[in-house]
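Student: My structure is below; once you've seen it, I'll send some questions.
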Amino acid sequence: MASSSTKVSMKLLIDTKNQKVLFAEASKSVVDFLFNLLCLPIGTVVKLLSANGMVGSLGNLYQSVENLNQNYMLPDQTKDVLLNPKAQISSTDISGFLTEKNDAKDDHGEVTKLYMCPNKCYFQVTSNNRTPCSSQPGYGGCGNIMSREVTQVGDKKVAEKKVSTNIKNGFVKDVVTFMVMDDLVIEPMSTISSITLLNKFNVKEIGTLQEKVVEMGMEEGIKLLKASLQSKMVLTSVFIKKQK
């Protein structure tokens, strides 16, 4: 992954009279970043925004898990599953946006270890060597811990590696320029659509419009994520009306 200073840029068209972003001209890297937000587990979103930045009660829920003693969790469960959920492999150029919990080893094809019950009950397997041999519908288990490691043969993790590669390459084509609306509606950009938008926003004085190139890194990405959960004027609130 690139350095923590990596940023992506986009060009805003601003209505200076009303202090509002009309739309942004964005490249593949920006759109991939925005689409990547849909891949984030809720636990990762809460962690990125932190309890103080959350609106509503999700921050309290996250804090409750943090404060809960591990003794209250099931023997085969850890709080880390909830506090640091594993997200999709990042498709964004903004490094560090996803948590460090992302398993880079999977990118190199390291195989997940599999385990089964020492008694070979129904030859069921698990990736968690603390899983008890429990019952399946219509079956019974002996209750022993499934700790006997088994060897996987054949072509390993082909499907997972293919999906990972696709995600790492992003979501949209590189040759297209996109238009991102203030409320994050995204569509391919064209001259006709730009003129149509100016009419839609009832822009009478072209002289009040200003182009501004902005950079988006880790800090701006988190602000954008927060604004997207609170507002229909996301770009304006992040790049024009600075959040407190």
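Each chain in the structure tokens gets a letter, A, B and so on, in the order shown; residues start at 1 in every chain, and ligands are counted from 1 in the order they appear.
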Mind checking which residues fall within 12 Å of A:Leu61, counting only C-alpha atoms, ignoring those fewer than 6 positions away in the same chain, and posting them as number ranges by chain?
Tutor: A: 42-43, 46-47, 50-51, 54-55, 67-68, 82-83
Student: Mind pulling up the distance from atom CA of A:Val172 to atom CA of A:Val185?
Tutor: 14.8 Å
Student: Which residue, A:Met218, A:Leu34, A:Asn69, A:Asp183, has the smallest gap to A:Gln230 when you use only C-alpha atoms?
Tutor: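 So, comparing all the options, the nearest one is A:Asp183.
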Student: Could you state the separation of atom CA of A:Gln152 and atom CA of A:Lys113 in Å, given to one decimal place?
Tutor: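 Atom CA of A:Gln152 sits 8.1 Å away from atom CA of A:Lys113.
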